file run-v2.json (JSON, C-alpha atoms and all ligand atoms)
[["chain", "number", "residue", "atom", "x", "y", "z"],
["A", 210, "MET", "CA", 0.00, 0.00, 0.00],
["A", 211, "ALA", "CA", 1.29, 3.39, -0.97],
["A", 212, "PHE", "CA", 1.75, 6.20, 1.52],
["A", 213, "VAL", "CA", -0.71, 9.00, 0.71],
["A", 214, "VAL", "CA", -0.51, 12.62, 1.85],
["A", 215, "ALA", "CA", -3.59, 14.76, 1.11],
["A", 216, "ILE", "CA", -3.18, 18.54, 1.03],
["A", 217, "ASP", "CA", -6.42, 20.48, 0.72],
["A", 218, "GLY", "CA", -7.16, 24.16, 0.95],
["A", 219, "PRO", "CA", -8.16, 27.23, -1.01],
["A", 220, "ALA", "CA", -6.10, 29.05, -3.63],
["A", 221, "GLY", "CA", -3.62, 31.61, -2.36],
["A", 222, "THR", "CA", -2.39, 29.61, 0.60],
["A", 223, "GLY", "CA", 0.89, 28.70, -1.11],
["A", 224, "LYS", "CA", -0.43, 25.14, -1.46],
["A", 225, "GLY", "CA", 1.22, 24.46, -4.84],
["A", 226, "THR", "CA", 4.67, 25.67, -3.81],
["A", 227, "ILE", "CA", 4.50, 23.96, -0.42],
["A", 228, "THR", "CA", 3.40, 20.63, -1.91],
["A", 229, "LYS", "CA", 6.18, 20.75, -4.49],
["A", 230, "LEU", "CA", 8.84, 21.44, -1.84],
["A", 231, "LEU", "CA", 7.54, 18.65, 0.39],
["A", 232, "ALA", "CA", 7.51, 16.21, -2.53],
["A", 233, "GLU", "CA", 11.16, 16.98, -3.29],
["A", 234, "LYS", "CA", 12.27, 16.70, 0.35],
["A", 235, "LEU", "CA", 10.38, 13.51, 1.11],
["A", 236, "HIS", "CA", 10.65, 11.81, -2.30],
["A", 237, "LEU", "CA", 6.91, 11.69, -2.90],
["A", 238, "ILE", "CA", 5.18, 11.99, -6.27],
["A", 239, "ASN", "CA", 3.59, 15.44, -6.44],
["A", 240, "ILE", "CA", 0.10, 15.50, -7.94],
["A", 241, "ASP", "CA", -1.72, 18.79, -8.54],
["A", 242, "THR", "CA", -5.32, 17.75, -9.19],
["A", 243, "GLY", "CA", -6.39, 21.30, -10.11],
["A", 244, "ALA", "CA", -4.47, 20.76, -13.38],
["A", 245, "MET", "CA", -6.93, 18.00, -14.32],
["A", 246, "TYR", "CA", -9.97, 20.27, -13.87],
["A", 247, "ARG", "CA", -8.09, 22.89, -15.85],
["A", 248, "CYS", "CA", -7.52, 20.38, -18.72],
["A", 249, "VAL", "CA", -11.24, 19.59, -18.93],
["A", 250, "THR", "CA", -12.02, 23.31, -18.95],
["A", 251, "LEU", "CA", -9.43, 24.05, -21.65],
["A", 252, "GLU", "CA", -10.77, 21.25, -23.87],
["A", 253, "CYS", "CA", -14.34, 22.57, -23.54],
["A", 254, "ILE", "CA", -13.24, 26.16, -24.22],
["A", 255, "ASN", "CA", -11.29, 25.01, -27.30],
["A", 256, "LYS", "CA", -14.35, 23.15, -28.58],
["A", 257, "GLY", "CA", -16.68, 26.09, -27.83],
["A", 258, "ILE", "CA", -18.68, 24.07, -25.29],
["A", 259, "SER", "CA", -20.39, 26.02, -22.54],
["A", 260, "VAL", "CA", -20.67, 24.86, -18.95],
["A", 261, "SER", "CA", -24.44, 24.44, -19.33],
["A", 262, "ASP", "CA", -24.14, 21.90, -22.19],
["A", 263, "GLU", "CA", -23.77, 18.70, -20.17],
["A", 264, "ASN", "CA", -24.36, 16.41, -23.19],
["A", 265, "LYS", "CA", -21.41, 17.87, -25.06],
["A", 266, "ILE", "CA", -19.27, 17.90, -21.90],
["A", 267, "SER", "CA", -20.06, 14.27, -21.34],
["A", 268, "GLU", "CA", -18.93, 13.46, -24.92],
["A", 269, "VAL", "CA", -15.67, 15.30, -24.23],
["A", 270, "LEU", "CA", -15.20, 13.36, -20.98],
["A", 271, "GLU", "CA", -15.69, 10.02, -22.74],
["A", 272, "LYS", "CA", -12.75, 10.66, -25.04],
["A", 273, "ILE", "CA", -10.50, 12.85, -22.93],
["A", 274, "ASP", "CA", -7.00, 11.63, -22.16],
["A", 275, "ILE", "CA", -5.28, 13.49, -19.32],
["A", 276, "LYS", "CA", -1.83, 12.48, -18.19],
["A", 277, "LEU", "CA", 0.20, 14.15, -15.47],
["A", 278, "LYS", "CA", 3.90, 13.58, -16.13],
["A", 279, "HIS", "CA", 6.86, 14.47, -13.99],
["A", 280, "ASP", "CA", 9.93, 16.08, -15.38],
["A", 281, "ASN", "CA", 12.68, 17.12, -12.92],
["A", 282, "GLY", "CA", 10.13, 17.49, -10.13],
["A", 283, "ARG", "CA", 7.85, 19.64, -12.29],
["A", 284, "GLN", "CA", 4.41, 18.37, -13.20],
["A", 285, "LYS", "CA", 3.41, 18.54, -16.84],
["A", 286, "ALA", "CA", -0.18, 18.27, -18.00],
["A", 287, "ILE", "CA", -0.66, 16.32, -21.22],
["A", 288, "LEU", "CA", -4.09, 16.69, -22.78],
["A", 289, "ASN", "CA", -4.85, 14.28, -25.62],
["A", 290, "GLY", "CA", -1.12, 13.91, -26.26],
["A", 291, "VAL", "CA", -0.31, 17.65, -26.21],
["A", 292, "ASP", "CA", 1.62, 19.45, -23.44],
["A", 293, "VAL", "CA", -0.81, 22.10, -22.17],
["A", 294, "SER", "CA", 1.02, 22.95, -18.94],
["A", 295, "GLU", "CA", 1.06, 26.65, -19.83],
["A", 296, "ASP", "CA", -2.31, 26.89, -21.63],
["A", 297, "ILE", "CA", -4.19, 25.62, -18.58],
["A", 298, "ARG", "CA", -2.94, 28.66, -16.60],
["A", 299, "SER", "CA", -4.43, 31.20, -19.03],
["A", 300, "PRO", "CA", -6.85, 33.87, -17.72],
["A", 301, "LYS", "CA", -9.61, 32.27, -19.83],
["A", 302, "VAL", "CA", -9.23, 28.95, -18.03],
["A", 303, "ASP", "CA", -8.84, 30.77, -14.69],
["A", 304, "GLY", "CA", -12.19, 32.43, -15.25],
["A", 305, "GLU", "CA", -14.12, 29.27, -16.18],
["A", 306, "VAL", "CA", -12.56, 26.41, -14.25],
["A", 307, "ALA", "CA", -14.51, 26.76, -10.98],
["A", 308, "LYS", "CA", -17.77, 26.30, -12.91],
["A", 309, "PHE", "CA", -16.61, 23.16, -14.73],
["A", 310, "ALA", "CA", -15.09, 21.76, -11.51],
["A", 311, "ALA", "CA", -18.49, 22.07, -9.82],
["A", 312, "LEU", "CA", -20.16, 19.66, -12.28],
["A", 313, "LYS", "CA", -20.93, 16.15, -11.05],
["A", 314, "ILE", "CA", -20.13, 14.53, -14.42],
["A", 315, "VAL", "CA", -16.69, 16.14, -14.38],
["A", 316, "ARG", "CA", -15.90, 15.09, -10.80],
["A", 317, "ASP", "CA", -17.20, 11.54, -11.41],
["A", 318, "LYS", "CA", -14.62, 11.21, -14.16],
["A", 319, "MET", "CA", -11.66, 12.84, -12.35],
["A", 320, "THR", "CA", -11.98, 11.18, -8.92],
["A", 321, "PRO", "CA", -11.31, 7.58, -10.07],
["A", 322, "LEU", "CA", -8.39, 8.76, -12.22],
["A", 323, "GLN", "CA", -6.90, 10.42, -9.13],
["A", 324, "ARG", "CA", -7.41, 7.30, -7.02],
["A", 325, "GLU", "CA", -5.53, 5.22, -9.58],
["A", 326, "MET", "CA", -2.42, 7.35, -9.17],
["A", 327, "GLU", "CA", -1.66, 5.68, -5.86],
["A", 328, "LYS", "CA", -0.44, 2.66, -7.77],
["A", 329, "ASP", "CA", 2.59, 4.60, -9.03],
["A", 330, "GLY", "CA", 4.08, 4.95, -5.53],
["A", 331, "ASN", "CA", 4.00, 7.19, -2.47],
["A", 332, "ILE", "CA", 2.15, 10.39, -3.31],
["A", 333, "ILE", "CA", 1.40, 13.88, -2.06],
["A", 334, "MET", "CA", -1.80, 15.05, -3.74],
["A", 335, "GLU", "CA", -3.16, 18.57, -3.55],
["A", 336, "GLY", "CA", -6.64, 19.84, -4.29],
["A", 337, "ARG", "CA", -9.90, 20.67, -2.58],
["A", 338, "ASP", "CA", -11.46, 17.27, -1.84],
["A", 339, "ILE", "CA", -8.50, 14.91, -1.54],
["A", 340, "GLY", "CA", -8.88, 14.14, 2.18],
["A", 341, "THR", "CA", -12.69, 14.16, 2.08],
["A", 342, "VAL", "CA", -13.56, 12.36, -1.19],
["A", 343, "VAL", "CA", -10.58, 11.07, -3.18],
["A", 344, "PHE", "CA", -8.55, 9.50, -0.36],
["A", 345, "PRO", "CA", -10.67, 9.48, 2.82],
["A", 346, "ASN", "CA", -8.13, 7.00, 4.24],
["A", 347, "ALA", "CA", -5.03, 9.06, 3.43],
["A", 348, "ASP", "CA", -2.13, 8.55, 5.86],
["A", 349, "VAL", "CA", -1.77, 12.28, 6.44],
["A", 350, "LYS", "CA", -4.43, 14.94, 5.83],
["A", 351, "ILE", "CA", -3.51, 18.60, 5.93],
["A", 352, "PHE", "CA", -5.95, 21.46, 5.55],
["A", 353, "LEU", "CA", -3.93, 24.49, 4.58],
["A", 354, "ASP", "CA", -5.77, 27.65, 5.52],
["A", 355, "CYS", "CA", -5.12, 31.37, 5.32],
["A", 356, "SER", "CA", -7.23, 34.49, 5.91],
["A", 357, "LEU", "CA", -9.05, 35.92, 2.88],
["A", 358, "GLU", "CA", -7.28, 39.26, 3.38],
["A", 359, "GLU", "CA", -3.82, 37.71, 3.40],
["A", 360, "ARG", "CA", -4.66, 35.61, 0.32],
["A", 361, "ALA", "CA", -5.76, 38.80, -1.42],
["A", 362, "ARG", "CA", -2.59, 40.62, -0.33],
["A", 363, "ARG", "CA", -0.42, 37.82, -1.76],
["A", 364, "ARG", "CA", -2.31, 37.73, -5.07],
["A", 365, "TYR", "CA", -2.22, 41.53, -5.31],
["A", 366, "LYS", "CA", 1.55, 41.49, -4.80],
["A", 367, "GLN", "CA", 1.93, 38.82, -7.53],
["A", 368, "ASN", "CA", -0.19, 40.92, -9.88],
["A", 369, "ILE", "CA", 1.98, 43.99, -9.31],
["A", 370, "GLU", "CA", 5.10, 41.89, -9.96],
["A", 371, "LYS", "CA", 3.57, 40.61, -13.20],
["A", 372, "GLY", "CA", 2.52, 44.13, -14.22],
["A", 373, "ILE", "CA", -1.20, 43.31, -13.96],
["A", 374, "GLN", "CA", -3.21, 46.43, -13.07],
["A", 375, "THR", "CA", -5.70, 45.72, -10.27],
["A", 376, "THR", "CA", -6.61, 47.24, -6.94],
["A", 377, "TYR", "CA", -6.39, 45.33, -3.68],
["A", 378, "GLU", "CA", -10.18, 45.68, -3.30],
["A", 379, "GLU", "CA", -10.79, 44.07, -6.72],
["A", 380, "VAL", "CA", -8.52, 41.16, -5.86],
["A", 381, "LEU", "CA", -10.18, 40.69, -2.47],
["A", 382, "SER", "CA", -13.65, 40.72, -3.96],
["A", 383, "SER", "CA", -12.70, 38.12, -6.61],
["A", 384, "ILE", "CA", -11.12, 35.90, -3.93],
["A", 385, "ILE", "CA", -14.26, 36.13, -1.78],
["A", 386, "LYS", "CA", -16.42, 35.21, -4.80],
["A", 387, "ARG", "CA", -14.28, 32.21, -5.69],
["A", 388, "HIS", "CA", -14.12, 31.08, -2.06],
["A", 389, "LYS", "CA", -17.93, 31.13, -1.90],
["A", 390, "LEU", "CA", -18.19, 29.09, -5.12],
["A", 391, "GLU", "CA", -15.74, 26.46, -3.88],
["A", 392, "THR", "CA", -17.03, 26.12, -0.33],
["A", 393, "GLU", "CA", -20.74, 26.24, -1.10],
["A", 394, "ARG", "CA", -20.93, 23.98, -4.15],
["A", 395, "GLU", "CA", -23.06, 20.88, -3.79],
["A", 396, "ILE", "CA", -20.53, 18.25, -4.80],
["A", 397, "ALA", "CA", -17.16, 17.83, -3.12],
["A", 398, "PRO", "CA", -17.06, 21.32, -1.62],
["A", 399, "LEU", "CA", -13.90, 22.64, -0.06],
["A", 400, "VAL", "CA", -14.30, 21.61, 3.56],
["A", 401, "LYS", "CA", -11.87, 20.37, 6.15],
["A", 402, "ALA", "CA", -11.97, 16.61, 6.64],
["A", 403, "GLU", "CA", -12.84, 15.83, 10.26],
["A", 404, "ASP", "CA", -9.46, 14.21, 10.85],
["A", 405, "ALA", "CA", -7.38, 16.75, 8.90],
["A", 406, "ILE", "CA", -4.72, 18.81, 10.66],
["A", 407, "VAL", "CA", -5.23, 22.52, 10.06],
["A", 408, "VAL", "CA", -2.14, 24.55, 9.24],
["A", 409, "ASP", "CA", -2.90, 28.26, 9.07],
["A", 410, "SER", "CA", -0.32, 29.97, 6.89],
["A", 411, "THR", "CA", -1.60, 33.53, 7.43],
["A", 412, "ASN", "CA", 1.38, 34.57, 9.52],
["A", 413, "MET", "CA", 3.87, 31.94, 8.39],
["A", 414, "SER", "CA", 6.56, 31.89, 5.71],
["A", 415, "ILE", "CA", 6.59, 29.13, 3.07],
["A", 416, "ASN", "CA", 9.59, 27.51, 4.80],
["A", 417, "GLU", "CA", 7.89, 27.54, 8.18],
["A", 418, "VAL", "CA", 4.83, 25.82, 6.70],
["A", 419, "VAL", "CA", 6.99, 23.25, 4.90],
["A", 420, "ASP", "CA", 8.91, 22.46, 8.12],
["A", 421, "LYS", "CA", 5.71, 22.06, 10.11],
["A", 422, "ILE", "CA", 4.07, 19.70, 7.59],
["A", 423, "GLU", "CA", 7.32, 17.81, 7.05],
["A", 424, "ASN", "CA", 7.44, 17.04, 10.78],
["A", 425, "ILE", "CA", 3.84, 15.80, 10.73],
["A", 426, "ILE", "CA", 4.53, 13.54, 7.72],
["A", 427, "ASN", "CA", 7.78, 12.19, 9.20],
["A", 428, "LEU", "CA", 5.99, 11.25, 12.41],
["A", 429, "LYS", "CA", 3.36, 9.32, 10.43],
["A", 430, "LEU", "CA", 5.98, 7.63, 8.28],
["A", 431, "LYS", "CA", 7.79, 6.45, 11.43],
["A", 432, "GLU", "CA", 4.53, 5.18, 12.91],
["A", 433, "LYS", "CA", 3.72, 3.31, 9.69],
["A", 434, "ASN", "CA", 7.19, 1.75, 9.45],
["A", 435, "ASN", "CA", 7.07, 0.62, 13.09],
["A", 436, "GLY", "CA", 3.53, -0.63, 12.95],
["B", 501, "LIG", "O1", -5.81, 24.62, -7.58],
["B", 501, "LIG", "P1", -6.27, 25.25, -8.89],
["B", 501, "LIG", "O2", -6.55, 26.73, -8.78],
["B", 501, "LIG", "O3", -5.37, 24.94, -10.04],
["B", 501, "LIG", "O4", -7.67, 24.56, -9.20],
["B", 501, "LIG", "C1", -8.39, 24.86, -10.34],
["B", 501, "LIG", "C2", -9.87, 24.72, -10.08],
["B", 501, "LIG", "O5", -10.24, 23.36, -9.86],
["B", 501, "LIG", "C3", -10.40, 25.52, -8.90],
["B", 501, "LIG", "O6", -11.62, 26.13, -9.28],
["B", 501, "LIG", "C4", -10.67, 24.48, -7.83],
["B", 501, "LIG", "C5", -10.92, 23.22, -8.63],
["B", 501, "LIG", "N1", -10.46, 22.01, -7.96],
["B", 501, "LIG", "C6", -11.40, 21.18, -7.40],
["B", 501, "LIG", "O7", -12.58, 21.50, -7.44],
["B", 501, "LIG", "N2", -11.02, 20.01, -6.83],
["B", 501, "LIG", "C7", -9.72, 19.68, -6.77],
["B", 501, "LIG", "N3", -9.37, 18.51, -6.19],
["B", 501, "LIG", "C8", -8.75, 20.52, -7.32],
["B", 501, "LIG", "C9", -9.15, 21.70, -7.90]]
call {"tool": "encode", "arguments": {"input": "run-v2.json", "output": "structure tokens", "more": "lines below"}}
Ligand code: DC
result
Amino acid sequence: MAFVVAIDGPAGTGKGTITKLLAEKLHLINIDTGAMYRCVTLECINKGISVSDENKISEVLEKIDIKLKHDNGRQKAILNGVDVSEDIRSPKVDGEVAKFAALKIVRDKMTPLQREMEKDGNIIMEGRDIGTVVFPNADVKIFLDCSLEERARRRYKQNIEKGIQTTYEEVLSSIIKRHKLETEREIAPLVKAEDAIVVDSTNMSINEVVDKIENIINLKLKEKNNG
């Protein structure tokens, strides 16, 4: 049986960076499940399919081939044989993905694919529903949290660095909207699993968060090896 670490939490908590660093340190396979929802969204956008057209989406899902490959610790998303790692981060996909990710037909297709990934070895999987739905029996469950205001401050800072013109208030309001969509959706909402350990990164640096989670994982690994 593989060792499974589930990292859930909203966007803007540093989840992606933290998961990647932990994977490198602990030799775990890093799986970013958001990339899979982004692939589905990109395919539908490319085919001109709207989120309300479930028949067409279901046709897409029947044929879709999503592979997450690892290259020097970096995850690549391969959609129907094409590397779309950059395309899935476009503003268009950003704007649509939460709606596609809320669809039952989409989640019913992605969840079993994510469960299968355990067969490749010890994994650290990040998303929104990993500890609650995908791997309810994960060895370690972390819920990475952060205040809405701090998440907005971080995103605002990134925007400034990238030369994107926004105000802090605009960023905060978009984060609040997205948070509401993710936490209030009917299927697999973003909620803390009962047995997840909450790590609040609001006043912590990335390294402090990594150290804290690394200690939690190491303790569990020791327990598992001894038991
Ligand atoms: O983590 P991210 O921003 O790349 O995720 C993209 C979208 O997919 C976001 O709207 C949340 C959603 N998602 C999800 O619903 N379940 C997951 N396990 C991972 C991501």
call {"tool": "closest_residue", "arguments": {"input": "run-v2.json", "among": "A:Asp420, A:Glu268, A:Asp274, A:Glu305", "to": "Ile254 of chain A", "atoms": "all atoms listed in the file"}}
result
A:Glu305
call {"tool": "residues_around", "arguments": {"input": "run-v2.json", "residues": "segment 261-267 of chain A", "least_positions_apart": "3", "cutoff": "9 Å", "atoms": "all atoms listed in the file", "output": "list in words"}}
result
Val249, Cys253, Ile258, Leu270, Glu271, Lys272, Leu312, Ile314 and Val315 of chain A
call {"tool": "closest_residue", "arguments": {"input": "run-v2.json", "among": "A:Gly330, A:Pro398, A:Gly436, A:Gly257", "to": "ligand LIG 501 (chain B)", "atoms": "only C-alpha atoms and all ligand atoms"}}
result
A:Pro398
call {"tool": "closest_atom_pairs", "arguments": {"input": "run-v2.json", "of": "chain A", "to": "ligand LIG 501 (chain B)", "cutoff": "10 Å", "atoms": "all atoms listed in the file", "output": "Markdown table"}}
result
| residue | atom | partner | partner_atom | distance |
| --- | --- | --- | --- | --- |
| A:Ile216 | CA | B:LIG501 | N3 | 9.5 |
| A:Asp217 | CA | B:LIG501 | N3 | 7.8 |
| A:Gly218 | CA | B:LIG501 | O1 | 8.6 |
| A:Pro219 | CA | B:LIG501 | O1 | 7.4 |
| A:Ala220 | CA | B:LIG501 | O2 | 5.7 |
| A:Gly221 | CA | B:LIG501 | O2 | 8.6 |
| A:Lys224 | CA | B:LIG501 | O1 | 8.2 |
| A:Gly225 | CA | B:LIG501 | O1 | 7.5 |
| A:Asp241 | CA | B:LIG501 | O1 | 7.2 |
| A:Thr242 | CA | B:LIG501 | C8 | 4.8 |
| A:Gly243 | CA | B:LIG501 | C9 | 3.6 |
| A:Ala244 | CA | B:LIG501 | O3 | 5.4 |
| A:Met245 | CA | B:LIG501 | C8 | 7.7 |
| A:Tyr246 | CA | B:LIG501 | O5 | 5.1 |
| A:Arg247 | CA | B:LIG501 | C1 | 5.9 |
| A:Cys248 | CA | B:LIG501 | C1 | 9.5 |
| A:Val249 | CA | B:LIG501 | O5 | 9.9 |
| A:Thr250 | CA | B:LIG501 | C2 | 9.2 |
| A:Ile297 | CA | B:LIG501 | O3 | 8.6 |
| A:Arg298 | CA | B:LIG501 | O3 | 7.9 |
| A:Val302 | CA | B:LIG501 | C1 | 8.8 |
| A:Asp303 | CA | B:LIG501 | C1 | 7.4 |
| A:Gly304 | CA | B:LIG501 | O6 | 8.7 |
| A:Glu305 | CA | B:LIG501 | O6 | 8.0 |
| A:Val306 | CA | B:LIG501 | O6 | 5.1 |
| A:Ala307 | CA | B:LIG501 | O6 | 3.4 |
| A:Lys308 | CA | B:LIG501 | O6 | 7.1 |
| A:Phe309 | CA | B:LIG501 | O6 | 8.0 |
| A:Ala310 | CA | B:LIG501 | O7 | 4.8 |
| A:Ala311 | CA | B:LIG501 | O7 | 6.4 |
| A:Leu312 | CA | B:LIG501 | O7 | 9.2 |
| A:Val315 | CA | B:LIG501 | O7 | 9.7 |
| A:Arg316 | CA | B:LIG501 | O7 | 8.0 |
| A:Met319 | CA | B:LIG501 | N3 | 8.7 |
| A:Thr320 | CA | B:LIG501 | N3 | 8.2 |
| A:Gln323 | CA | B:LIG501 | N3 | 9.0 |
| A:Met334 | CA | B:LIG501 | N3 | 8.7 |
| A:Glu335 | CA | B:LIG501 | N3 | 6.7 |
| A:Gly336 | CA | B:LIG501 | N3 | 3.6 |
| A:Arg337 | CA | B:LIG501 | N3 | 4.2 |
| A:Asp338 | CA | B:LIG501 | N3 | 5.0 |
| A:Ile339 | CA | B:LIG501 | N3 | 5.9 |
| A:Gly340 | CA | B:LIG501 | N3 | 9.5 |
| A:Thr341 | CA | B:LIG501 | N3 | 9.9 |
| A:Val342 | CA | B:LIG501 | N3 | 9.0 |
| A:Val343 | CA | B:LIG501 | N3 | 8.1 |
| A:Arg387 | CA | B:LIG501 | O6 | 7.5 |
| A:His388 | CA | B:LIG501 | O6 | 9.1 |
| A:Leu390 | CA | B:LIG501 | O6 | 8.3 |
| A:Glu391 | CA | B:LIG501 | C4 | 6.7 |
| A:Thr392 | CA | B:LIG501 | O7 | 9.6 |
| A:Arg394 | CA | B:LIG501 | O7 | 9.3 |
| A:Ile396 | CA | B:LIG501 | O7 | 9.0 |
| A:Ala397 | CA | B:LIG501 | O7 | 7.3 |
| A:Pro398 | CA | B:LIG501 | O7 | 7.3 |
| A:Leu399 | CA | B:LIG501 | O7 | 7.6 |
call {"tool": "closest_residue", "arguments": {"input": "run-v2.json", "among": "A:Lys433, A:Asn239, A:Ile422, A:Ile227", "to": "Glu327 of chain A", "atoms": "only C-alpha atoms"}}
result
A:Asn239
call {"tool": "residues_around", "arguments": {"input": "run-v2.json", "residues": "segment 345-361 of chain A", "least_positions_apart": "5", "cutoff": "6 Å", "atoms": "all atoms listed in the file", "output": "ChimeraX atom specification"}}
result
/A:213-218,221-222,340,380-381,405-411
call {"tool": "write_last_selection", "arguments": {"input": "run-v2.json", "atoms": "C-alpha atoms", "output": "mmCIF file, in the frame of the given file"}}
result
data_model
loop_
_atom_site.group_PDB
_atom_site.id
_atom_site.type_symbol
_atom_site.label_atom_id
_atom_site.label_comp_id
_atom_site.auth_asym_id
_atom_site.auth_seq_id
_atom_site.Cartn_x
_atom_site.Cartn_y
_atom_site.Cartn_z
ATOM 1 C CA VAL A 213 -0.710 9.000 0.710
ATOM 2 C CA VAL A 214 -0.510 12.620 1.850
ATOM 3 C CA ALA A 215 -3.590 14.760 1.110
ATOM 4 C CA ILE A 216 -3.180 18.540 1.030
ATOM 5 C CA ASP A 217 -6.420 20.480 0.720
ATOM 6 C CA GLY A 218 -7.160 24.160 0.950
ATOM 7 C CA GLY A 221 -3.620 31.610 -2.360
ATOM 8 C CA THR A 222 -2.390 29.610 0.600
ATOM 9 C CA GLY A 340 -8.880 14.140 2.180
ATOM 10 C CA VAL A 380 -8.520 41.160 -5.860
ATOM 11 C CA LEU A 381 -10.180 40.690 -2.470
ATOM 12 C CA ALA A 405 -7.380 16.750 8.900
ATOM 13 C CA ILE A 406 -4.720 18.810 10.660
ATOM 14 C CA VAL A 407 -5.230 22.520 10.060
ATOM 15 C CA VAL A 408 -2.140 24.550 9.240
ATOM 16 C CA ASP A 409 -2.900 28.260 9.070
ATOM 17 C CA SER A 410 -0.320 29.970 6.890
ATOM 18 C CA THR A 411 -1.600 33.530 7.430
#
call {"tool": "axis_aligned_box", "arguments": {"input": "run-v2.json", "around": "segment 383-387 of chain A", "padding_each_side": "3 Å", "output": "AutoDock Vina command-line options"}}
result
--center_x -13.8 --center_y 35.2 --center_z -4.2 --size_x 11.3 --size_y 11.9 --size_z 10.8
call {"tool": "residues_around", "arguments": {"input": "run-v2.json", "residues": "Gly290 of chain A", "least_positions_apart": "6", "cutoff": "12 Å", "atoms": "all atoms listed in the file", "output": "count of residues only"}}
result
7
call {"tool": "atom_distance", "arguments": {"input": "run-v2.json", "atom1": "atom CA of Ile384 of chain A", "atom2": "atom CA of Pro300 of chain A"}}
result
14.6 Å
call {"tool": "decode", "arguments": {"input": "run-v2.json", "residues": "segment 283-294 of chain A", "atoms": "N, CA, C and O atoms", "output": "tab-separated table (two decimals), in the first residue's frame"}}
result
chain	number	residue	atom	x	y	z
A	283	ARG	N	8.94	18.77	-11.82
A	283	ARG	CA	7.85	19.64	-12.29
A	283	ARG	C	6.76	18.79	-12.92
A	283	ARG	O	7.04	17.88	-13.69
A	284	GLN	N	5.51	19.13	-12.59
A	284	GLN	CA	4.41	18.37	-13.20
A	284	GLN	C	4.05	18.98	-14.55
A	284	GLN	O	3.93	20.18	-14.69
A	285	LYS	N	3.87	18.09	-15.53
A	285	LYS	CA	3.41	18.54	-16.84
A	285	LYS	C	2.04	17.96	-17.09
A	285	LYS	O	1.78	16.80	-16.77
A	286	ALA	N	1.16	18.77	-17.68
A	286	ALA	CA	-0.18	18.27	-18.00
A	286	ALA	C	-0.25	17.99	-19.49
A	286	ALA	O	0.00	18.86	-20.32
A	287	ILE	N	-0.57	16.72	-19.81
A	287	ILE	CA	-0.66	16.32	-21.22
A	287	ILE	C	-2.13	16.02	-21.53
A	287	ILE	O	-2.72	15.11	-20.97
A	288	LEU	N	-2.69	16.82	-22.42
A	288	LEU	CA	-4.09	16.69	-22.78
A	288	LEU	C	-4.18	16.14	-24.20
A	288	LEU	O	-3.70	16.79	-25.14
A	289	ASN	N	-4.76	14.96	-24.33
A	289	ASN	CA	-4.85	14.28	-25.62
A	289	ASN	C	-3.51	14.32	-26.37
A	289	ASN	O	-3.44	14.66	-27.56
A	290	GLY	N	-2.45	14.02	-25.65
A	290	GLY	CA	-1.12	13.91	-26.26
A	290	GLY	C	-0.36	15.22	-26.39
A	290	GLY	O	0.79	15.22	-26.83
A	291	VAL	N	-0.97	16.35	-26.04
A	291	VAL	CA	-0.31	17.65	-26.21
A	291	VAL	C	0.02	18.26	-24.84
A	291	VAL	O	-0.83	18.24	-23.92
A	292	ASP	N	1.23	18.80	-24.71
A	292	ASP	CA	1.62	19.45	-23.44
A	292	ASP	C	0.89	20.79	-23.31
A	292	ASP	O	1.15	21.72	-24.08
A	293	VAL	N	-0.02	20.87	-22.36
A	293	VAL	CA	-0.81	22.10	-22.17
A	293	VAL	C	-0.49	22.78	-20.84
A	293	VAL	O	-1.29	23.56	-20.33
A	294	SER	N	0.68	22.46	-20.28
A	294	SER	CA	1.02	22.95	-18.94
A	294	SER	C	0.88	24.47	-18.82
A	294	SER	O	0.51	24.97	-17.76
